[in-house]
Amino acid sequence: MACRSSDAVPALSQGTQKLRSLAARGAIVLVIARLITRGLDLVTLVALGRLLSPTDFGLVAIAMSIVQILEAILELPLSLALMTLSTRTKSHFDSAFTLQLLRGLVLTGIVLAIAWPLSLVYDDHRLIWLLFALAAAPASRGLISPRTVEYAIKFNYLPSLTMDVAGKCTALAASVSVAWFTGSYWSIAVATIASPVTMLILSYCFAPYRPAFSLKEWRTFESYLRASTAAQLVAAVVWQMDQLLLGRFVSRSDLGQFSMASNLAVLPLQVLVNQITSPLTVAFSAVKQDPDRLRAAYHKSAVGIMTIGLPILVWVSVNSDAIVRLVIGQKWLEAAPILHWLALGIIPSLFVGPLMPLATTLNRTVAFFRLNLAELCLKTPLMLVAIAHYGIAGVIAVRLVTATAVAGYAMYMVRGFIGLSLRGQLLGPWRAAASVAIATAAMIGAQHAISDANDMLSVAVKLAAVSVSGAICYWGTMFVLWSAAGRPDGLEDHIVKVVGGYWRRIHA
């Protein structure tokens, strides 16, 4: 018996190591996929911004906000439900497919019912056909082969990567072609529709499935159908409230400028910072039984997110004019001051960047509903007054106020979850804050020292010079303060080890 026991331990250890290896490899593929797809999103946004007008973007922003709210409300996490099953039969896949089909039909029916009334509210009959067309995007996403979850269960994310990238490439090619030849706002709708339709087709190539209509196993998914409807409704309304209200009170051109600035403000975080949070659920799960280690892991990750995200957002804010000129052109210059303030409005959320993986690890996901509900209750009355009296400037001010208040509430939640003090959360990234202050002064000084020019080459050279001066001051100050603080464990320590390792390999 002793021999059997000793033999069993290595087998278990090898299995665990293999599982961790597969998970790590899958996480890398997911990060690569998100980097590529967000990069393609940026290219599409820039290309369409060059070819279309702010008025075009403003019109489509209204229609997309409505469809995205409906999609979020009717979202069915059936893939997650399938993954949690110990065994999956044809009946499970058929039931999942049928439920998604019914969801698509309900969504389409709602869009058909509200399209004409909404066109009257916004006094624009073009919304009717735009809404009809855009409803095809969420319907297509829902009809993707349910058997694709079998790849995710095996930590094989290459099919998902292929489908995502192919969808984005198709959207880029199709939308730019339509914009180039027609100059129509329909090119934005084409980009939104082409990607999920491409993914739908490819999903049946990677995971063949013969659709069949059945609700035999619908009770398996019952808890998932009821669990998050309220949370999704609140989150969706908070997410799209700005553009929906602005569409009623400002011109399509002004709404387009705001929409473009909003998209540009969040892209750097989506491309870079959000990738950092992806592996944190696994990391927190590994130490959740030890409160001290979990608290330290959360604090370290929050400081790391701030160290990377803060300089990016401040760089976008300080250089908003040059970024707009270079990326989308002179016709979008009104978006520059909007981008300046919207980028700053995202900073408070960085203080609680790891909250989602922490709450997921501790099975406290109801926290997101409370946060969104608090934001909705605070934001709605402020937004109605601000838009009616101050337009876009009022929206920006409300965003700054609500972002700060919600971040404060989230910090309070973190203190309740793991006992990390509010003072510790606020002062944790002090090195990043001090370094950004010096880097900001350097960038503003460089902007004033270098003469202004309107041609693109001169603007690019000036932006490069300003950016280099800011980067040198930021990272130089960071490492000086890190050394002065006794070289604590953190992002700086990791960078030193990585760079030192490469240096030793080169000179070995």
# chains A, B, ... in the order shown; residues from 1 in each chain; ligands from 1
$ closest_atom_pairs --of "region 316-366 of chain A" --to "region 461-485 of chain A" --cutoff "10 Å" --atoms "only C-alpha atoms" --output "tab-separated table"
residue	atom	partner	partner_atom	distance
A:Val316	CA	A:Ser467	CA	10.0
A:Val318	CA	A:Val466	CA	9.7
A:Asn319	CA	A:Leu463	CA	7.3
A:Asp321	CA	A:Leu463	CA	9.8
A:Ala322	CA	A:Leu463	CA	6.6
A:Ile323	CA	A:Leu463	CA	8.0
A:Leu326	CA	A:Leu463	CA	9.5
$ residues_around --residues "Ala405 (chain A)" --least-positions-apart "6" --cutoff "9 Å" --atoms "only C-alpha atoms" --output "list of chain:residue names"
A:Pro348, A:Glu375, A:Leu378
$ closest_atom_pairs --of "region 51-152 of chain A" --to "region 331-342 of chain A" --cutoff "12 Å" --atoms "only C-alpha atoms" --output "tab-separated table"
residue	atom	partner	partner_atom	distance
A:Leu51	CA	A:Lys331	CA	10.5
A:Leu52	CA	A:Lys331	CA	9.7
A:Ser53	CA	A:Lys331	CA	7.7
A:Pro54	CA	A:Trp332	CA	7.1
A:Thr55	CA	A:Trp332	CA	10.7
A:Phe57	CA	A:Trp332	CA	11.2
$ closest_residue --among "A:Ala113, A:Ala47, A:Leu107, A:Leu215" --to "Leu134 (chain A)" --atoms "only C-alpha atoms"
A:Leu107
$ closest_residue --among "A:Leu202, A:Asp455, A:Ile328, A:Phe417" --to "Thr365 (chain A)" --atoms "only C-alpha atoms"
A:Phe417
$ residues_around --residues "Phe206 (chain A)" --least-positions-apart "3" --cutoff "8 Å" --atoms "only C-alpha atoms" --output "ChimeraX atom specification"
/A:148,159,202-203
$ write_last_selection --atoms "C-alpha atoms" --output "short mmCIF file (atom, residue, chain, number, x, y, z; two decimals), in the first residue's frame"
data_model
loop_
_atom_site.label_atom_id
_atom_site.label_comp_id
_atom_site.auth_asym_id
_atom_site.auth_seq_id
_atom_site.Cartn_x
_atom_site.Cartn_y
_atom_site.Cartn_z
CA THR A 148 -16.45 25.59 -29.69
CA PRO A 159 -9.36 28.36 -32.94
CA LEU A 202 -15.63 29.76 -39.11
CA SER A 203 -17.02 28.34 -35.86
#
$ atom_distance --atom1 "CA of Leu373 (chain A)" --atom2 "CA of Ala96 (chain A)"
29.6 Å
$ atom_distance --atom1 "CA of Ala442 (chain A)" --atom2 "CA of Leu269 (chain A)"
22.9 Å
$ closest_residue --among "A:Ala212, A:Val266, A:Leu42, A:Ala441" --to "Val327 (chain A)" --atoms "only C-alpha atoms"
A:Leu42
$ closest_residue --among "A:Pro77, A:Pro488, A:Gly345, A:Gly501" --to "Leu310 (chain A)" --atoms "only C-alpha atoms"
A:Gly345
$ closest_residue --among "A:Ala302, A:Ile153, A:Val314, A:Leu172" --to "Ile438 (chain A)" --atoms "only C-alpha atoms"
A:Val314
$ atom_distance --atom1 "CA of Ala63 (chain A)" --atom2 "CA of Leu382 (chain A)"
23.5 Å
$ decode --residues "region 125-155 of chain A" --atoms "N, CA and C atoms" --output "PDB file, in the first residue's frame"
ATOM      1  N   HIS A 125     -34.852  59.503 -39.390  1.00  0.00           N
ATOM      2  CA  HIS A 125     -35.431  58.262 -39.918  1.00  0.00           C
ATOM      3  C   HIS A 125     -34.376  57.240 -40.316  1.00  0.00           C
ATOM      4  N   ARG A 126     -33.110  57.669 -40.492  1.00  0.00           N
ATOM      5  CA  ARG A 126     -32.041  56.736 -40.871  1.00  0.00           C
ATOM      6  C   ARG A 126     -31.787  55.689 -39.791  1.00  0.00           C
ATOM      7  N   LEU A 127     -32.170  55.998 -38.564  1.00  0.00           N
ATOM      8  CA  LEU A 127     -31.966  55.058 -37.458  1.00  0.00           C
ATOM      9  C   LEU A 127     -32.749  53.762 -37.657  1.00  0.00           C
ATOM     10  N   ILE A 128     -33.866  53.823 -38.357  1.00  0.00           N
ATOM     11  CA  ILE A 128     -34.705  52.627 -38.520  1.00  0.00           C
ATOM     12  C   ILE A 128     -33.921  51.509 -39.194  1.00  0.00           C
ATOM     13  N   TRP A 129     -33.360  51.789 -40.369  1.00  0.00           N
ATOM     14  CA  TRP A 129     -32.644  50.745 -41.102  1.00  0.00           C
ATOM     15  C   TRP A 129     -31.305  50.417 -40.457  1.00  0.00           C
ATOM     16  N   LEU A 130     -30.696  51.398 -39.807  1.00  0.00           N
ATOM     17  CA  LEU A 130     -29.444  51.112 -39.097  1.00  0.00           C
ATOM     18  C   LEU A 130     -29.683  50.115 -37.971  1.00  0.00           C
ATOM     19  N   LEU A 131     -30.729  50.329 -37.207  1.00  0.00           N
ATOM     20  CA  LEU A 131     -31.048  49.411 -36.110  1.00  0.00           C
ATOM     21  C   LEU A 131     -31.369  48.018 -36.636  1.00  0.00           C
ATOM     22  N   PHE A 132     -32.135  47.944 -37.717  1.00  0.00           N
ATOM     23  CA  PHE A 132     -32.451  46.642 -38.308  1.00  0.00           C
ATOM     24  C   PHE A 132     -31.168  45.897 -38.678  1.00  0.00           C
ATOM     25  N   ALA A 133     -30.236  46.607 -39.310  1.00  0.00           N
ATOM     26  CA  ALA A 133     -29.001  45.970 -39.773  1.00  0.00           C
ATOM     27  C   ALA A 133     -28.096  45.578 -38.613  1.00  0.00           C
ATOM     28  N   LEU A 134     -27.937  46.479 -37.651  1.00  0.00           N
ATOM     29  CA  LEU A 134     -27.017  46.216 -36.540  1.00  0.00           C
ATOM     30  C   LEU A 134     -27.494  45.078 -35.647  1.00  0.00           C
ATOM     31  N   ALA A 135     -28.780  44.786 -35.651  1.00  0.00           N
ATOM     32  CA  ALA A 135     -29.292  43.661 -34.859  1.00  0.00           C
ATOM     33  C   ALA A 135     -28.726  42.338 -35.335  1.00  0.00           C
ATOM     34  N   ALA A 136     -28.218  42.294 -36.572  1.00  0.00           N
ATOM     35  CA  ALA A 136     -27.632  41.057 -37.097  1.00  0.00           C
ATOM     36  C   ALA A 136     -26.353  40.680 -36.367  1.00  0.00           C
ATOM     37  N   ALA A 137     -25.651  41.663 -35.801  1.00  0.00           N
ATOM     38  CA  ALA A 137     -24.379  41.377 -35.128  1.00  0.00           C
ATOM     39  C   ALA A 137     -24.564  40.524 -33.878  1.00  0.00           C
ATOM     40  N   PRO A 138     -25.374  40.939 -32.903  1.00  0.00           N
ATOM     41  CA  PRO A 138     -25.563  40.074 -31.725  1.00  0.00           C
ATOM     42  C   PRO A 138     -26.251  38.762 -32.056  1.00  0.00           C
ATOM     43  N   ALA A 139     -27.146  38.774 -33.055  1.00  0.00           N
ATOM     44  CA  ALA A 139     -27.803  37.524 -33.453  1.00  0.00           C
ATOM     45  C   ALA A 139     -26.776  36.529 -33.980  1.00  0.00           C
ATOM     46  N   SER A 140     -25.812  37.010 -34.751  1.00  0.00           N
ATOM     47  CA  SER A 140     -24.760  36.134 -35.290  1.00  0.00           C
ATOM     48  C   SER A 140     -23.873  35.595 -34.181  1.00  0.00           C
ATOM     49  N   ARG A 141     -23.523  36.458 -33.222  1.00  0.00           N
ATOM     50  CA  ARG A 141     -22.683  36.001 -32.108  1.00  0.00           C
ATOM     51  C   ARG A 141     -23.367  34.887 -31.328  1.00  0.00           C
ATOM     52  N   GLY A 142     -24.685  34.968 -31.187  1.00  0.00           N
ATOM     53  CA  GLY A 142     -25.410  33.956 -30.429  1.00  0.00           C
ATOM     54  C   GLY A 142     -25.506  32.618 -31.127  1.00  0.00           C
ATOM     55  N   LEU A 143     -25.368  32.602 -32.456  1.00  0.00           N
ATOM     56  CA  LEU A 143     -25.537  31.360 -33.214  1.00  0.00           C
ATOM     57  C   LEU A 143     -24.222  30.659 -33.520  1.00  0.00           C
ATOM     58  N   ILE A 144     -23.118  31.129 -32.943  1.00  0.00           N
ATOM     59  CA  ILE A 144     -21.833  30.445 -33.105  1.00  0.00           C
ATOM     60  C   ILE A 144     -21.946  29.015 -32.580  1.00  0.00           C
ATOM     61  N   SER A 145     -21.269  28.090 -33.238  1.00  0.00           N
ATOM     62  CA  SER A 145     -21.356  26.671 -32.876  1.00  0.00           C
ATOM     63  C   SER A 145     -21.115  26.461 -31.382  1.00  0.00           C
ATOM     64  N   PRO A 146     -22.053  25.849 -30.670  1.00  0.00           N
ATOM     65  CA  PRO A 146     -21.868  25.626 -29.230  1.00  0.00           C
ATOM     66  C   PRO A 146     -20.723  24.666 -28.921  1.00  0.00           C
ATOM     67  N   ARG A 147     -20.298  23.895 -29.897  1.00  0.00           N
ATOM     68  CA  ARG A 147     -19.209  22.940 -29.668  1.00  0.00           C
ATOM     69  C   ARG A 147     -17.833  23.612 -29.568  1.00  0.00           C
ATOM     70  N   THR A 148     -17.749  24.908 -29.831  1.00  0.00           N
ATOM     71  CA  THR A 148     -16.455  25.588 -29.695  1.00  0.00           C
ATOM     72  C   THR A 148     -15.957  25.568 -28.251  1.00  0.00           C
ATOM     73  N   VAL A 149     -16.862  25.364 -27.290  1.00  0.00           N
ATOM     74  CA  VAL A 149     -16.432  25.325 -25.890  1.00  0.00           C
ATOM     75  C   VAL A 149     -15.508  24.141 -25.624  1.00  0.00           C
ATOM     76  N   GLU A 150     -15.574  23.102 -26.457  1.00  0.00           N
ATOM     77  CA  GLU A 150     -14.725  21.930 -26.243  1.00  0.00           C
ATOM     78  C   GLU A 150     -13.247  22.286 -26.405  1.00  0.00           C
ATOM     79  N   TYR A 151     -12.945  23.278 -27.228  1.00  0.00           N
ATOM     80  CA  TYR A 151     -11.559  23.741 -27.344  1.00  0.00           C
ATOM     81  C   TYR A 151     -11.127  24.465 -26.068  1.00  0.00           C
ATOM     82  N   ALA A 152     -12.004  25.314 -25.544  1.00  0.00           N
ATOM     83  CA  ALA A 152     -11.665  26.069 -24.335  1.00  0.00           C
ATOM     84  C   ALA A 152     -11.448  25.143 -23.144  1.00  0.00           C
ATOM     85  N   ILE A 153     -12.233  24.073 -23.070  1.00  0.00           N
ATOM     86  CA  ILE A 153     -12.083  23.114 -21.972  1.00  0.00           C
ATOM     87  C   ILE A 153     -10.697  22.476 -21.989  1.00  0.00           C
ATOM     88  N   LYS A 154     -10.140  22.298 -23.189  1.00  0.00           N
ATOM     89  CA  LYS A 154      -8.808  21.708 -23.345  1.00  0.00           C
ATOM     90  C   LYS A 154      -7.707  22.770 -23.383  1.00  0.00           C
ATOM     91  N   PHE A 155      -8.050  24.014 -23.028  1.00  0.00           N
ATOM     92  CA  PHE A 155      -7.106  25.146 -23.039  1.00  0.00           C
ATOM     93  C   PHE A 155      -6.507  25.372 -24.429  1.00  0.00           C
TER      94      PHE A 155
END
